[in-house]
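For reference, input03.cif is printed below; it contains mmCIF, C-alpha atoms and all ligand atoms.
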```cif
data_coords
loop_
_atom_site.label_atom_id
_atom_site.label_comp_id
_atom_site.auth_asym_id
_atom_site.auth_seq_id
_atom_site.Cartn_x
_atom_site.Cartn_y
_atom_site.Cartn_z
CA MET A 30 -32.88 -37.43 -15.35
CA THR A 31 -35.07 -35.07 -13.33
CA ASP A 32 -33.83 -31.50 -13.78
CA ASP A 33 -35.03 -31.30 -17.40
CA ALA A 34 -38.10 -33.54 -16.99
CA THR A 35 -40.82 -31.34 -15.56
CA THR A 36 -41.41 -27.80 -14.40
CA GLY A 37 -44.25 -27.14 -11.96
CA GLY A 38 -45.66 -30.58 -12.72
CA ARG A 39 -45.74 -30.05 -16.48
CA GLU A 40 -43.46 -32.03 -18.78
CA ASN A 41 -40.76 -29.96 -20.45
CA VAL A 42 -41.01 -30.43 -24.21
CA THR A 43 -38.56 -29.75 -27.01
CA VAL A 44 -40.04 -29.37 -30.49
CA LEU A 45 -37.64 -29.69 -33.42
CA GLY A 46 -38.98 -28.46 -36.77
CA LEU A 47 -41.18 -25.41 -37.12
CA GLY A 48 -42.97 -25.80 -40.42
CA PRO A 49 -46.73 -25.24 -40.20
CA MET A 50 -47.16 -28.48 -38.24
CA GLY A 51 -44.20 -28.02 -35.88
CA GLN A 52 -45.45 -24.51 -35.10
CA ALA A 53 -48.90 -25.91 -34.34
CA LEU A 54 -47.47 -28.63 -32.08
CA ALA A 55 -45.30 -26.18 -30.15
CA GLY A 56 -48.24 -23.78 -29.87
CA ALA A 57 -50.44 -26.53 -28.44
CA PHE A 58 -47.79 -27.45 -25.86
CA LEU A 59 -47.47 -23.79 -24.86
CA ASP A 60 -51.25 -23.48 -24.60
CA GLY A 61 -51.20 -26.61 -22.42
CA GLY A 62 -48.79 -24.91 -20.03
CA HIS A 63 -45.74 -27.00 -20.96
CA PRO A 64 -42.33 -25.32 -20.79
CA THR A 65 -41.43 -25.57 -24.47
CA THR A 66 -38.09 -25.26 -26.24
CA VAL A 67 -38.10 -24.96 -30.01
CA TRP A 68 -35.47 -25.25 -32.72
CA ASN A 69 -35.71 -24.94 -36.49
CA ARG A 70 -33.14 -24.97 -39.30
CA THR A 71 -34.43 -21.56 -40.37
CA ALA A 72 -34.18 -19.86 -36.99
CA ALA A 73 -36.57 -16.98 -37.68
CA LYS A 74 -39.55 -19.36 -37.62
CA ALA A 75 -39.08 -19.61 -33.85
CA ASP A 76 -39.77 -15.90 -33.31
CA VAL A 77 -43.55 -16.07 -33.01
CA LEU A 78 -43.28 -18.95 -30.52
CA VAL A 79 -40.64 -17.16 -28.48
CA ASP A 80 -43.06 -14.23 -28.28
CA ARG A 81 -45.57 -16.68 -26.80
CA GLY A 82 -43.11 -17.90 -24.16
CA ALA A 83 -41.05 -20.63 -25.83
CA ALA A 84 -37.29 -20.87 -25.40
CA THR A 85 -35.04 -21.41 -28.38
CA THR A 86 -31.47 -22.58 -28.85
CA ARG A 87 -28.70 -22.34 -31.40
CA THR A 88 -28.38 -26.08 -32.06
CA PRO A 89 -30.65 -29.14 -31.94
CA ALA A 90 -28.36 -30.71 -29.28
CA GLU A 91 -28.88 -27.72 -26.99
CA ALA A 92 -32.64 -27.91 -27.52
CA VAL A 93 -32.66 -31.65 -26.83
CA ALA A 94 -30.73 -31.15 -23.59
CA ARG A 95 -33.52 -28.97 -22.18
CA SER A 96 -36.27 -31.63 -22.11
CA ARG A 97 -36.80 -35.28 -21.35
CA LEU A 98 -39.44 -35.39 -24.12
CA VAL A 99 -38.32 -34.44 -27.63
CA VAL A 100 -40.87 -34.14 -30.44
CA ILE A 101 -39.66 -33.82 -34.01
CA CYS A 102 -41.81 -32.98 -37.03
CA VAL A 103 -40.10 -32.09 -40.30
CA LEU A 104 -40.34 -32.88 -44.00
CA ASP A 105 -39.32 -36.55 -43.89
CA ASP A 106 -37.18 -39.03 -41.95
CA ALA A 107 -34.07 -38.13 -43.96
CA ALA A 108 -34.41 -34.58 -42.58
CA VAL A 109 -34.99 -36.08 -39.11
CA ARG A 110 -31.68 -37.94 -39.30
CA SER A 111 -29.82 -34.90 -40.61
CA ILE A 112 -31.03 -32.97 -37.53
CA LEU A 113 -30.63 -35.73 -34.95
CA ASP A 114 -27.37 -37.38 -35.98
CA PRO A 115 -25.29 -34.49 -34.63
CA ALA A 116 -27.44 -34.47 -31.45
CA VAL A 117 -27.36 -38.20 -30.76
CA GLY A 118 -25.23 -37.88 -27.62
CA ALA A 119 -27.68 -35.40 -26.10
CA LEU A 120 -30.63 -37.64 -27.01
CA ARG A 121 -29.35 -40.73 -25.21
CA GLY A 122 -31.71 -41.67 -22.37
CA ARG A 123 -34.47 -39.32 -23.55
CA MET A 124 -37.83 -39.96 -25.14
CA LEU A 125 -38.14 -39.15 -28.83
CA VAL A 126 -41.55 -38.85 -30.48
CA ASN A 127 -41.23 -38.60 -34.25
CA LEU A 128 -44.37 -37.06 -35.77
CA THR A 129 -42.80 -36.71 -39.21
CA ALA A 130 -44.72 -38.44 -42.00
CA ASP A 131 -42.79 -41.16 -43.82
CA SER A 132 -43.14 -44.82 -44.78
CA PRO A 133 -43.63 -47.73 -42.34
CA THR A 134 -40.21 -49.08 -43.35
CA ARG A 135 -38.53 -45.75 -42.54
CA ALA A 136 -40.36 -45.60 -39.20
CA ARG A 137 -38.96 -49.04 -38.33
CA GLU A 138 -35.50 -47.92 -39.42
CA MET A 139 -35.82 -44.84 -37.19
CA ALA A 140 -36.79 -47.09 -34.26
CA ALA A 141 -33.76 -49.33 -34.89
CA TRP A 142 -31.51 -46.26 -35.04
CA ALA A 143 -32.97 -44.98 -31.77
CA GLU A 144 -32.59 -48.37 -30.08
CA HIS A 145 -28.97 -48.55 -31.21
CA ASN A 146 -28.35 -45.12 -29.68
CA GLY A 147 -30.15 -45.68 -26.37
CA ILE A 148 -33.13 -43.45 -27.21
CA ASP A 149 -36.72 -44.37 -26.24
CA TYR A 150 -38.64 -44.07 -29.51
CA LEU A 151 -42.28 -43.58 -30.35
CA ASP A 152 -43.43 -42.97 -33.91
CA GLY A 153 -46.54 -41.00 -34.75
CA ALA A 154 -48.81 -40.13 -37.63
CA ILE A 155 -50.80 -36.92 -37.69
CA LEU A 156 -54.04 -37.41 -39.61
CA THR A 157 -55.49 -33.90 -39.43
CA PRO A 158 -54.24 -30.47 -40.60
CA ALA A 159 -52.00 -28.21 -38.54
CA PRO A 160 -54.78 -25.83 -37.32
CA THR A 161 -56.58 -28.74 -35.63
CA MET A 162 -53.70 -29.48 -33.22
CA GLY A 163 -54.78 -29.05 -29.62
CA GLY A 164 -58.45 -28.91 -30.63
CA PRO A 165 -61.30 -31.44 -30.61
CA ASP A 166 -60.78 -32.46 -34.27
CA ALA A 167 -57.10 -33.42 -33.95
CA VAL A 168 -56.23 -37.06 -34.65
CA VAL A 169 -52.74 -38.40 -33.92
CA LEU A 170 -51.82 -42.09 -33.99
CA TYR A 171 -48.80 -43.55 -32.18
CA SER A 172 -46.89 -46.83 -32.29
CA GLY A 173 -43.60 -48.08 -30.92
CA ARG A 174 -42.30 -48.12 -27.34
CA ARG A 175 -45.37 -48.53 -25.12
CA ALA A 176 -43.53 -47.20 -22.05
CA VAL A 177 -42.98 -43.87 -23.82
CA PHE A 178 -46.63 -43.60 -24.80
CA GLU A 179 -47.82 -44.43 -21.29
CA ALA A 180 -45.34 -42.09 -19.60
CA GLN A 181 -46.18 -39.21 -21.92
CA LEU A 182 -49.91 -39.76 -22.39
CA PRO A 183 -50.94 -36.64 -20.44
CA THR A 184 -48.57 -34.51 -22.53
CA LEU A 185 -49.45 -36.13 -25.88
CA SER A 186 -53.14 -35.66 -25.05
CA VAL A 187 -52.51 -31.93 -25.30
CA LEU A 188 -52.09 -32.43 -29.07
CA SER A 189 -55.04 -34.77 -29.64
CA ASP A 190 -57.44 -36.20 -27.12
CA PRO A 191 -57.59 -39.13 -27.20
CA ALA A 192 -54.06 -39.96 -28.27
CA VAL A 193 -54.36 -43.30 -30.05
CA TYR A 194 -51.80 -46.08 -29.42
CA LEU A 195 -51.63 -48.83 -32.05
CA GLY A 196 -49.05 -51.21 -30.61
CA ASP A 197 -45.36 -52.02 -30.37
CA ASP A 198 -44.57 -52.12 -34.09
CA PRO A 199 -43.08 -48.67 -34.75
CA GLY A 200 -44.26 -48.86 -38.37
CA ARG A 201 -47.93 -49.34 -37.53
CA ALA A 202 -48.90 -45.68 -37.22
CA ALA A 203 -47.16 -44.96 -40.53
CA ALA A 204 -48.91 -47.99 -42.06
CA HIS A 205 -52.27 -46.41 -41.21
CA GLU A 206 -51.08 -43.08 -42.52
CA VAL A 207 -49.83 -44.29 -45.92
CA ALA A 208 -53.02 -46.30 -46.48
CA LEU A 209 -55.12 -43.24 -45.66
CA LEU A 210 -52.94 -41.03 -47.86
CA ASP A 211 -53.44 -43.59 -50.64
CA LEU A 212 -57.19 -43.02 -50.25
CA PHE A 213 -56.79 -39.26 -50.01
CA TRP A 214 -54.46 -38.67 -52.96
CA THR A 215 -56.23 -41.00 -55.35
CA SER A 216 -59.51 -39.34 -54.33
CA MET A 217 -58.05 -35.87 -54.91
CA THR A 218 -56.77 -36.97 -58.31
CA ALA A 219 -60.23 -38.26 -59.15
CA LEU A 220 -61.82 -35.02 -57.97
CA VAL A 221 -59.74 -32.72 -60.17
CA HIS A 222 -60.09 -35.13 -63.09
CA ALA A 223 -63.87 -35.07 -62.70
CA PHE A 224 -63.85 -31.26 -62.74
CA ALA A 225 -61.69 -31.30 -65.88
CA LEU A 226 -64.02 -33.71 -67.65
CA ALA A 227 -67.10 -31.72 -66.62
CA SER A 228 -65.46 -28.50 -67.80
CA ALA A 229 -64.67 -30.03 -71.19
CA GLU A 230 -68.38 -30.78 -71.48
CA GLY A 231 -69.32 -27.20 -70.56
CA VAL A 232 -70.27 -27.94 -66.95
CA THR A 233 -68.66 -25.51 -64.50
CA ALA A 234 -66.98 -26.68 -61.31
CA GLY A 235 -69.65 -24.86 -59.30
CA GLU A 236 -72.41 -26.67 -61.17
CA LEU A 237 -70.82 -30.06 -60.55
CA ALA A 238 -69.82 -29.47 -56.92
CA PRO A 239 -73.19 -30.21 -55.23
CA PHE A 240 -73.43 -33.54 -57.04
CA ALA A 241 -69.77 -34.32 -56.31
CA LYS A 242 -70.55 -33.87 -52.62
CA GLY A 243 -73.39 -36.34 -53.08
CA ILE A 244 -70.85 -38.92 -54.28
CA ALA A 245 -68.78 -38.28 -51.15
CA THR A 246 -71.76 -39.03 -48.90
CA LEU A 247 -72.08 -42.45 -50.55
CA LEU A 248 -68.62 -43.41 -49.38
CA PRO A 249 -68.91 -43.90 -45.57
CA PRO A 250 -71.31 -46.89 -45.80
CA ILE A 251 -69.30 -48.28 -48.73
CA ILE A 252 -66.14 -48.05 -46.59
CA ASP A 253 -67.86 -50.04 -43.81
CA ASP A 254 -69.25 -52.68 -46.19
CA THR A 255 -65.93 -53.07 -48.00
CA ALA A 256 -64.04 -53.41 -44.71
CA ALA A 257 -66.54 -56.01 -43.48
CA ASN A 258 -66.22 -58.01 -46.72
CA LEU A 259 -62.41 -57.89 -46.58
CA ASP A 260 -62.30 -58.92 -42.92
CA ARG A 261 -64.71 -61.82 -43.66
CA GLY A 262 -62.93 -62.72 -46.89
CA GLU A 263 -66.33 -62.84 -48.59
CA HIS A 264 -67.27 -60.68 -51.58
CA THR A 265 -70.86 -61.41 -52.52
CA ALA A 266 -72.23 -58.47 -54.53
CA ASP A 267 -75.49 -56.95 -53.29
CA VAL A 268 -75.81 -53.80 -55.37
CA SER A 269 -73.01 -53.55 -57.91
CA ASN A 270 -70.26 -55.87 -59.09
CA VAL A 271 -66.81 -55.86 -60.67
CA ARG A 272 -68.20 -56.36 -64.19
CA SER A 273 -70.45 -53.30 -63.95
CA ALA A 274 -67.53 -51.26 -62.57
CA ALA A 275 -65.52 -52.23 -65.65
CA ALA A 276 -68.30 -50.94 -67.89
CA GLY A 277 -68.65 -47.74 -65.87
CA ILE A 278 -64.93 -46.96 -66.05
CA GLU A 279 -65.04 -47.59 -69.81
CA HIS A 280 -67.68 -44.85 -70.26
CA VAL A 281 -65.56 -42.34 -68.40
CA ILE A 282 -62.48 -43.19 -70.48
CA ASP A 283 -64.49 -42.81 -73.69
CA ALA A 284 -65.79 -39.40 -72.60
CA ALA A 285 -62.32 -38.19 -71.57
CA ASP A 286 -60.71 -39.47 -74.79
CA VAL A 287 -63.09 -37.34 -76.85
CA HIS A 288 -61.57 -34.24 -75.24
CA GLY A 289 -57.97 -35.48 -75.16
CA ILE A 290 -57.98 -35.50 -71.34
CA ASP A 291 -55.34 -37.68 -69.67
CA THR A 292 -56.84 -41.07 -68.80
CA SER A 293 -53.77 -42.79 -67.35
CA VAL A 294 -55.26 -43.15 -63.87
CA LEU A 295 -58.55 -44.46 -65.25
CA ARG A 296 -56.73 -46.89 -67.52
CA ALA A 297 -54.82 -48.23 -64.52
CA ALA A 298 -58.14 -48.71 -62.70
CA ARG A 299 -59.62 -50.40 -65.77
CA SER A 300 -56.69 -52.77 -65.99
CA ILE A 301 -57.17 -53.86 -62.36
CA VAL A 302 -60.90 -54.37 -62.84
CA ARG A 303 -60.49 -56.18 -66.16
CA GLY A 304 -57.92 -58.50 -64.62
CA ALA A 305 -60.42 -59.40 -61.90
CA VAL A 306 -63.13 -60.14 -64.47
CA GLU A 307 -60.71 -62.31 -66.49
CA ASP A 308 -59.85 -64.22 -63.30
CA GLY A 309 -63.52 -65.07 -62.80
CA HIS A 310 -64.49 -62.40 -60.24
CA GLY A 311 -66.86 -60.36 -62.43
CA ASP A 312 -69.90 -61.18 -60.29
CA ASP A 313 -68.17 -60.25 -57.01
CA ASP A 314 -68.46 -57.06 -55.03
CA LEU A 315 -65.73 -54.50 -55.75
CA SER A 316 -64.25 -55.31 -52.34
CA ARG A 317 -62.74 -58.38 -54.06
CA LEU A 318 -60.14 -56.07 -55.60
CA GLY A 319 -58.72 -55.33 -52.15
CA ASP A 320 -57.83 -58.99 -51.75
CA LEU A 321 -56.55 -59.32 -55.32
CA LEU A 322 -54.28 -56.27 -54.94
CA ALA A 323 -52.70 -57.41 -51.67
CA PRO A 324 -49.40 -59.19 -52.41
CA VAL A 325 -49.93 -61.49 -49.44
CA PRO A 326 -53.02 -62.03 -47.30
CA ALA A 327 -53.02 -59.21 -44.76
CA ARG A 328 -54.70 -61.42 -42.16
P1 LIG A 401 -43.03 -29.53 -44.22
O1 LIG A 401 -43.40 -30.94 -44.48
O2 LIG A 401 -42.83 -28.63 -45.37
O3 LIG A 401 -41.71 -29.49 -43.30
C1 LIG A 401 -41.14 -28.28 -42.99
C2 LIG A 401 -40.15 -28.47 -41.87
O4 LIG A 401 -39.11 -29.40 -42.26
C3 LIG A 401 -39.43 -27.16 -41.56
O5 LIG A 401 -39.16 -27.14 -40.19
C4 LIG A 401 -38.17 -27.29 -42.39
O6 LIG A 401 -37.12 -26.46 -41.96
C5 LIG A 401 -37.85 -28.75 -42.11
N1 LIG A 401 -36.91 -29.33 -43.04
C6 LIG A 401 -37.13 -29.72 -44.30
N2 LIG A 401 -36.00 -30.25 -44.84
C7 LIG A 401 -35.06 -30.19 -43.87
C8 LIG A 401 -33.69 -30.59 -43.79
N3 LIG A 401 -33.09 -31.18 -44.82
N4 LIG A 401 -33.04 -30.37 -42.64
C9 LIG A 401 -33.65 -29.77 -41.58
N5 LIG A 401 -34.93 -29.38 -41.59
C10 LIG A 401 -35.63 -29.60 -42.72
O7 LIG A 401 -44.10 -28.79 -43.29
P2 LIG A 401 -45.12 -29.21 -42.15
O8 LIG A 401 -44.68 -28.59 -40.89
O9 LIG A 401 -46.46 -28.88 -42.65
O10 LIG A 401 -45.07 -30.79 -42.04
C11 LIG A 401 -44.22 -31.47 -41.16
C12 LIG A 401 -44.62 -32.94 -41.16
O11 LIG A 401 -45.96 -33.03 -40.69
C13 LIG A 401 -44.58 -33.56 -42.56
O12 LIG A 401 -44.09 -34.88 -42.46
C14 LIG A 401 -46.04 -33.54 -42.97
O13 LIG A 401 -46.36 -34.57 -43.90
C15 LIG A 401 -46.73 -33.77 -41.63
N6 LIG A 401 -48.12 -33.31 -41.62
C16 LIG A 401 -48.41 -31.99 -41.87
C17 LIG A 401 -49.72 -31.56 -41.90
C18 LIG A 401 -50.07 -30.12 -42.08
O14 LIG A 401 -51.26 -29.74 -41.98
N7 LIG A 401 -49.11 -29.23 -42.36
C19 LIG A 401 -50.84 -32.51 -41.69
C20 LIG A 401 -50.42 -33.85 -41.36
C21 LIG A 401 -49.11 -34.23 -41.36
P3 LIG A 401 -36.98 -24.99 -42.61
O15 LIG A 401 -38.07 -24.16 -41.99
O16 LIG A 401 -35.62 -24.56 -42.23
O17 LIG A 401 -37.16 -25.15 -44.09
#
```
For the structure just supplied, provide its representation as structure tokens.
Amino acid sequence: MTDDATTGGRENVTVLGLGPMGQALAGAFLDGGHPTTVWNRTAAKADVLVDRGAATTRTPAEAVARSRLVVICVLDDAAVRSILDPAVGALRGRMLVNLTADSPTRAREMAAWAEHNGIDYLDGAILTPAPTMGGPDAVVLYSGRRAVFEAQLPTLSVLSDPAVYLGDDPGRAAAHEVALLDLFWTSMTALVHAFALASAEGVTAGELAPFAKGIATLLPPIIDDTAANLDRGEHTADVSNVRSAAAGIEHVIDAADVHGIDTSVLRAARSIVRGAVEDGHGDDDLSRLGDLLAPVPAR
């Protein structure tokens, strides 16, 4: 396949899905000088990219047929399949990079589907917001078929430089992503809960914000220490331990209960911490919980 591979030395790229992220990806490829074909279920979203030089087609199969490299980025992998199933004949022998966020299991299922249909598959996880694509802050992780990553590294580097390859397991990029989303969403839930509790006590969000940012600056060294403890399998407490965390969570629950604020997330945290204390880990560093929560040893 050569006619649809490159134009003037630049890889032809097809981008399927033009939500905010798909638009950003296609825009970065255009900025990088790549002949870019776009398709979206709602066709009008292609207009702005066509104005910038992209081609568009009526169907996904027609879009796929225009490039050796096909990048898809839509809501979830169910949407990916609904777009690609009718285009599977056109995809055979091409390289598919799926930058849609979904679970590690679904990523592996997508890879098996691609293998079954003769498609070279690379999965990806985008860790930064759409406006960062093509800029110095963009972070995109990849896993799956190494040959695809190596062949397309110059093109993928247009999106994020460096492009990060995590190995042959197609679920590995998604595994990083779901773990990081776990951190992000539980942190966001904690943030809005903290503002609600402060507000109930007459403290405005603006008054709390500078101190909330102070909490955030504590986290990077805690992340490093926790990771080191987990990788060593050793949880000696230097500063604070599981027992003191249990007491601290209790104070927050008491304060929230006074105002009738939902404490379900805090109660879940308390239950995990209490369980650790009951199992004899009260004097350990909080990193111990990472081992206790894992269903099987990760290493
Ligand atoms: P969305 O996650 O809202 O996805 C919108 C895209 O999915 C549109 O192209 C939409 O088509 C398409 N779509 C949804 N359902 C279907 C379906 N059943 N059949 C066909 N197409 C469908 O927007 P984003 O572009 O923001 O995100 C795309 C992916 O990128 C997601 O997995 C997201 O988690 C991930 N991501 C996004 C980030 C961001 O900053 N936006 C950051 C990091 C990751 P239509 O226009 O016709 O509705």
Taking into account only C-alpha atoms and all ligand atoms, which residue in the set A:Val42, A:Leu59, A:Leu210, A:Ala94 is nearest to ligand LIG 401 (chain A)?
-> A:Leu210
Write out as number ranges by chain the residues lying within 10 Å of range 258-269 of chain A, counting all atoms listed in the file and excluding same-chain residues fewer than 2 positions away.
-> A: 252-256, 271-274, 310-320, 326-328
Closest-contact table, chain A side, partner ligand LIG 401 (chain A), 6 Å, counting all atoms listed in the file, as JSON lines:
```
{"residue": "A:Gly46", "atom": "CA", "partner": "A:LIG401", "partner_atom": "O5", "distance": 3.7}
{"residue": "A:Leu47", "atom": "CA", "partner": "A:LIG401", "partner_atom": "O5", "distance": 4.1}
{"residue": "A:Gly48", "atom": "CA", "partner": "A:LIG401", "partner_atom": "O8", "distance": 3.3}
{"residue": "A:Pro49", "atom": "CA", "partner": "A:LIG401", "partner_atom": "O8", "distance": 4.0}
{"residue": "A:Met50", "atom": "CA", "partner": "A:LIG401", "partner_atom": "O8", "distance": 3.6}
{"residue": "A:Gly51", "atom": "CA", "partner": "A:LIG401", "partner_atom": "O8", "distance": 5.1}
{"residue": "A:Asn69", "atom": "CA", "partner": "A:LIG401", "partner_atom": "O5", "distance": 5.5}
{"residue": "A:Arg70", "atom": "CA", "partner": "A:LIG401", "partner_atom": "O16", "distance": 3.9}
{"residue": "A:Thr71", "atom": "CA", "partner": "A:LIG401", "partner_atom": "O16", "distance": 3.7}
{"residue": "A:Cys102", "atom": "CA", "partner": "A:LIG401", "partner_atom": "C12", "distance": 5.0}
{"residue": "A:Val103", "atom": "CA", "partner": "A:LIG401", "partner_atom": "O4", "distance": 3.5}
{"residue": "A:Leu104", "atom": "CA", "partner": "A:LIG401", "partner_atom": "O1", "distance": 3.7}
{"residue": "A:Asp105", "atom": "CA", "partner": "A:LIG401", "partner_atom": "O12", "distance": 5.3}
{"residue": "A:Ala108", "atom": "CA", "partner": "A:LIG401", "partner_atom": "C8", "distance": 4.2}
{"residue": "A:Ser111", "atom": "CA", "partner": "A:LIG401", "partner_atom": "N4", "distance": 5.9}
{"residue": "A:Ile112", "atom": "CA", "partner": "A:LIG401", "partner_atom": "C9", "distance": 5.8}
{"residue": "A:Thr129", "atom": "CA", "partner": "A:LIG401", "partner_atom": "O12", "distance": 3.9}
{"residue": "A:Ala130", "atom": "CA", "partner": "A:LIG401", "partner_atom": "O12", "distance": 3.6}
{"residue": "A:Ile155", "atom": "CA", "partner": "A:LIG401", "partner_atom": "C20", "distance": 4.8}
{"residue": "A:Leu156", "atom": "CA", "partner": "A:LIG401", "partner_atom": "C20", "distance": 5.4}
{"residue": "A:Thr157", "atom": "CA", "partner": "A:LIG401", "partner_atom": "C19", "distance": 5.4}
{"residue": "A:Pro158", "atom": "CA", "partner": "A:LIG401", "partner_atom": "O14", "distance": 3.4}
{"residue": "A:Ala159", "atom": "CA", "partner": "A:LIG401", "partner_atom": "O14", "distance": 3.8}
```
Write the residues of the selection above to a file with C-alpha atoms, as a short mmCIF file (atom, residue, chain, number, x, y, z; two decimals), keeping the file's coordinate frame.
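Below is the file selection_14.cif, written as the result:
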```cif
data_model
loop_
_atom_site.label_atom_id
_atom_site.label_comp_id
_atom_site.auth_asym_id
_atom_site.auth_seq_id
_atom_site.Cartn_x
_atom_site.Cartn_y
_atom_site.Cartn_z
CA GLY A 46 -38.98 -28.46 -36.77
CA LEU A 47 -41.18 -25.41 -37.12
CA GLY A 48 -42.97 -25.80 -40.42
CA PRO A 49 -46.73 -25.24 -40.20
CA MET A 50 -47.16 -28.48 -38.24
CA GLY A 51 -44.20 -28.02 -35.88
CA ASN A 69 -35.71 -24.94 -36.49
CA ARG A 70 -33.14 -24.97 -39.30
CA THR A 71 -34.43 -21.56 -40.37
CA CYS A 102 -41.81 -32.98 -37.03
CA VAL A 103 -40.10 -32.09 -40.30
CA LEU A 104 -40.34 -32.88 -44.00
CA ASP A 105 -39.32 -36.55 -43.89
CA ALA A 108 -34.41 -34.58 -42.58
CA SER A 111 -29.82 -34.90 -40.61
CA ILE A 112 -31.03 -32.97 -37.53
CA THR A 129 -42.80 -36.71 -39.21
CA ALA A 130 -44.72 -38.44 -42.00
CA ILE A 155 -50.80 -36.92 -37.69
CA LEU A 156 -54.04 -37.41 -39.61
CA THR A 157 -55.49 -33.90 -39.43
CA PRO A 158 -54.24 -30.47 -40.60
CA ALA A 159 -52.00 -28.21 -38.54
#
```
Residue contacts of range 191-206 of chain A (9 Å, all atoms listed in the file) excluding same-chain residues fewer than 4 positions away, as a ChimeraX atom specification = /A:130-140,150-156,167-175,178,182,185-187,210-211
Based on the selection just made, write C-alpha atoms of those residues as a JSON list (two decimals), in the coordinates of the input.
```json
[["chain", "number", "residue", "atom", "x", "y", "z"],
["A", 130, "ALA", "CA", -44.72, -38.44, -42.00],
["A", 131, "ASP", "CA", -42.79, -41.16, -43.82],
["A", 132, "SER", "CA", -43.14, -44.82, -44.78],
["A", 133, "PRO", "CA", -43.63, -47.73, -42.34],
["A", 134, "THR", "CA", -40.21, -49.08, -43.35],
["A", 135, "ARG", "CA", -38.53, -45.75, -42.54],
["A", 136, "ALA", "CA", -40.36, -45.60, -39.20],
["A", 137, "ARG", "CA", -38.96, -49.04, -38.33],
["A", 138, "GLU", "CA", -35.50, -47.92, -39.42],
["A", 139, "MET", "CA", -35.82, -44.84, -37.19],
["A", 140, "ALA", "CA", -36.79, -47.09, -34.26],
["A", 150, "TYR", "CA", -38.64, -44.07, -29.51],
["A", 151, "LEU", "CA", -42.28, -43.58, -30.35],
["A", 152, "ASP", "CA", -43.43, -42.97, -33.91],
["A", 153, "GLY", "CA", -46.54, -41.00, -34.75],
["A", 154, "ALA", "CA", -48.81, -40.13, -37.63],
["A", 155, "ILE", "CA", -50.80, -36.92, -37.69],
["A", 156, "LEU", "CA", -54.04, -37.41, -39.61],
["A", 167, "ALA", "CA", -57.10, -33.42, -33.95],
["A", 168, "VAL", "CA", -56.23, -37.06, -34.65],
["A", 169, "VAL", "CA", -52.74, -38.40, -33.92],
["A", 170, "LEU", "CA", -51.82, -42.09, -33.99],
["A", 171, "TYR", "CA", -48.80, -43.55, -32.18],
["A", 172, "SER", "CA", -46.89, -46.83, -32.29],
["A", 173, "GLY", "CA", -43.60, -48.08, -30.92],
["A", 174, "ARG", "CA", -42.30, -48.12, -27.34],
["A", 175, "ARG", "CA", -45.37, -48.53, -25.12],
["A", 178, "PHE", "CA", -46.63, -43.60, -24.80],
["A", 182, "LEU", "CA", -49.91, -39.76, -22.39],
["A", 185, "LEU", "CA", -49.45, -36.13, -25.88],
["A", 186, "SER", "CA", -53.14, -35.66, -25.05],
["A", 187, "VAL", "CA", -52.51, -31.93, -25.30],
["A", 210, "LEU", "CA", -52.94, -41.03, -47.86],
["A", 211, "ASP", "CA", -53.44, -43.59, -50.64]]
```
CA of Thr184 in chain A and CA of Gly61 in chain A, how far apart in Å?
->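 Distance reported for this atom pair: 8.3 Å.
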Distance of CA of Arg97 in chain A from CA of Asn41 in chain A, expressed in Å to one decimal place | 6.7 Å
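Of the listed residues A:Val287, A:Ala92, A:Val177, A:Leu295, the one whose atoms come nearest to Ala275 in chain A is A:Leu295, with distances taken using all atoms listed in the file.
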Ala241 in chain A: which residues within 10 Å, counting only C-alpha atoms, same-chain residues fewer than 6 positions away excluded, as a PyMOL selection string?
-> chain A and resi 220+223-224+234-235
Any chance you can output those residues with C-alpha atoms as a tab-separated table (two decimals), keeping the file's coordinate frame?
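Once everything was written out, this is out-v9.tsv:
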```
chain	number	residue	atom	x	y	z
A	220	LEU	CA	-61.82	-35.02	-57.97
A	223	ALA	CA	-63.87	-35.07	-62.70
A	224	PHE	CA	-63.85	-31.26	-62.74
A	234	ALA	CA	-66.98	-26.68	-61.31
A	235	GLY	CA	-69.65	-24.86	-59.30
```
Between CA of Pro249 in chain A and CA of Val281 in chain A - distance in Å to one decimal =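 That distance, rounded to one decimal, is 23.1 Å.
Across A:Ala276, A:Ile244, A:Val306, A:Ala57, the tightest approach to Gly164 in chain A is made by A:Ala57 when counting all atoms listed in the file.
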Just the residues within 6 Å of range 123-125 of chain A, please, counting only C-alpha atoms, with nothing from its chain fewer than 5 positions along; format it as a PDB file with C-alpha atoms, keeping the file's coordinate frame.
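Output contents, as saved in around_38.pdb:
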```
ATOM      1  CA  ARG A  97     -36.800 -35.280 -21.350  1.00  0.00           C
ATOM      2  CA  LEU A  98     -39.440 -35.390 -24.120  1.00  0.00           C
ATOM      3  CA  VAL A  99     -38.320 -34.440 -27.630  1.00  0.00           C
ATOM      4  CA  VAL A 100     -40.870 -34.140 -30.440  1.00  0.00           C
ATOM      5  CA  ILE A 148     -33.130 -43.450 -27.210  1.00  0.00           C
ATOM      6  CA  ASP A 149     -36.720 -44.370 -26.240  1.00  0.00           C
ATOM      7  CA  TYR A 150     -38.640 -44.070 -29.510  1.00  0.00           C
TER       8      TYR A 150
END
```
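Between Ile282 in chain A and the residues A:Ala257, A:Val44, A:Ala119, A:Leu226, the shortest atom-to-atom distance, using all atoms listed in the file, involves A:Leu226.
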Would you give the centre and edge lengths, in Å to one decimal, of a box along x, y and z around the listed atoms of range 152-170 of chain A, with 6 Å added to each side, as JSON?
```
{"center_x": -52.4, "center_y": -34.4, "center_z": -35.1, "size_x": 29.9, "size_y": 29.1, "size_z": 23.0}
```
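Minimum distance to Ala53 in chain A across A:Ala107, A:Leu188, A:Arg299, A:Gly277 (counting only C-alpha atoms) occurs at A:Leu188.
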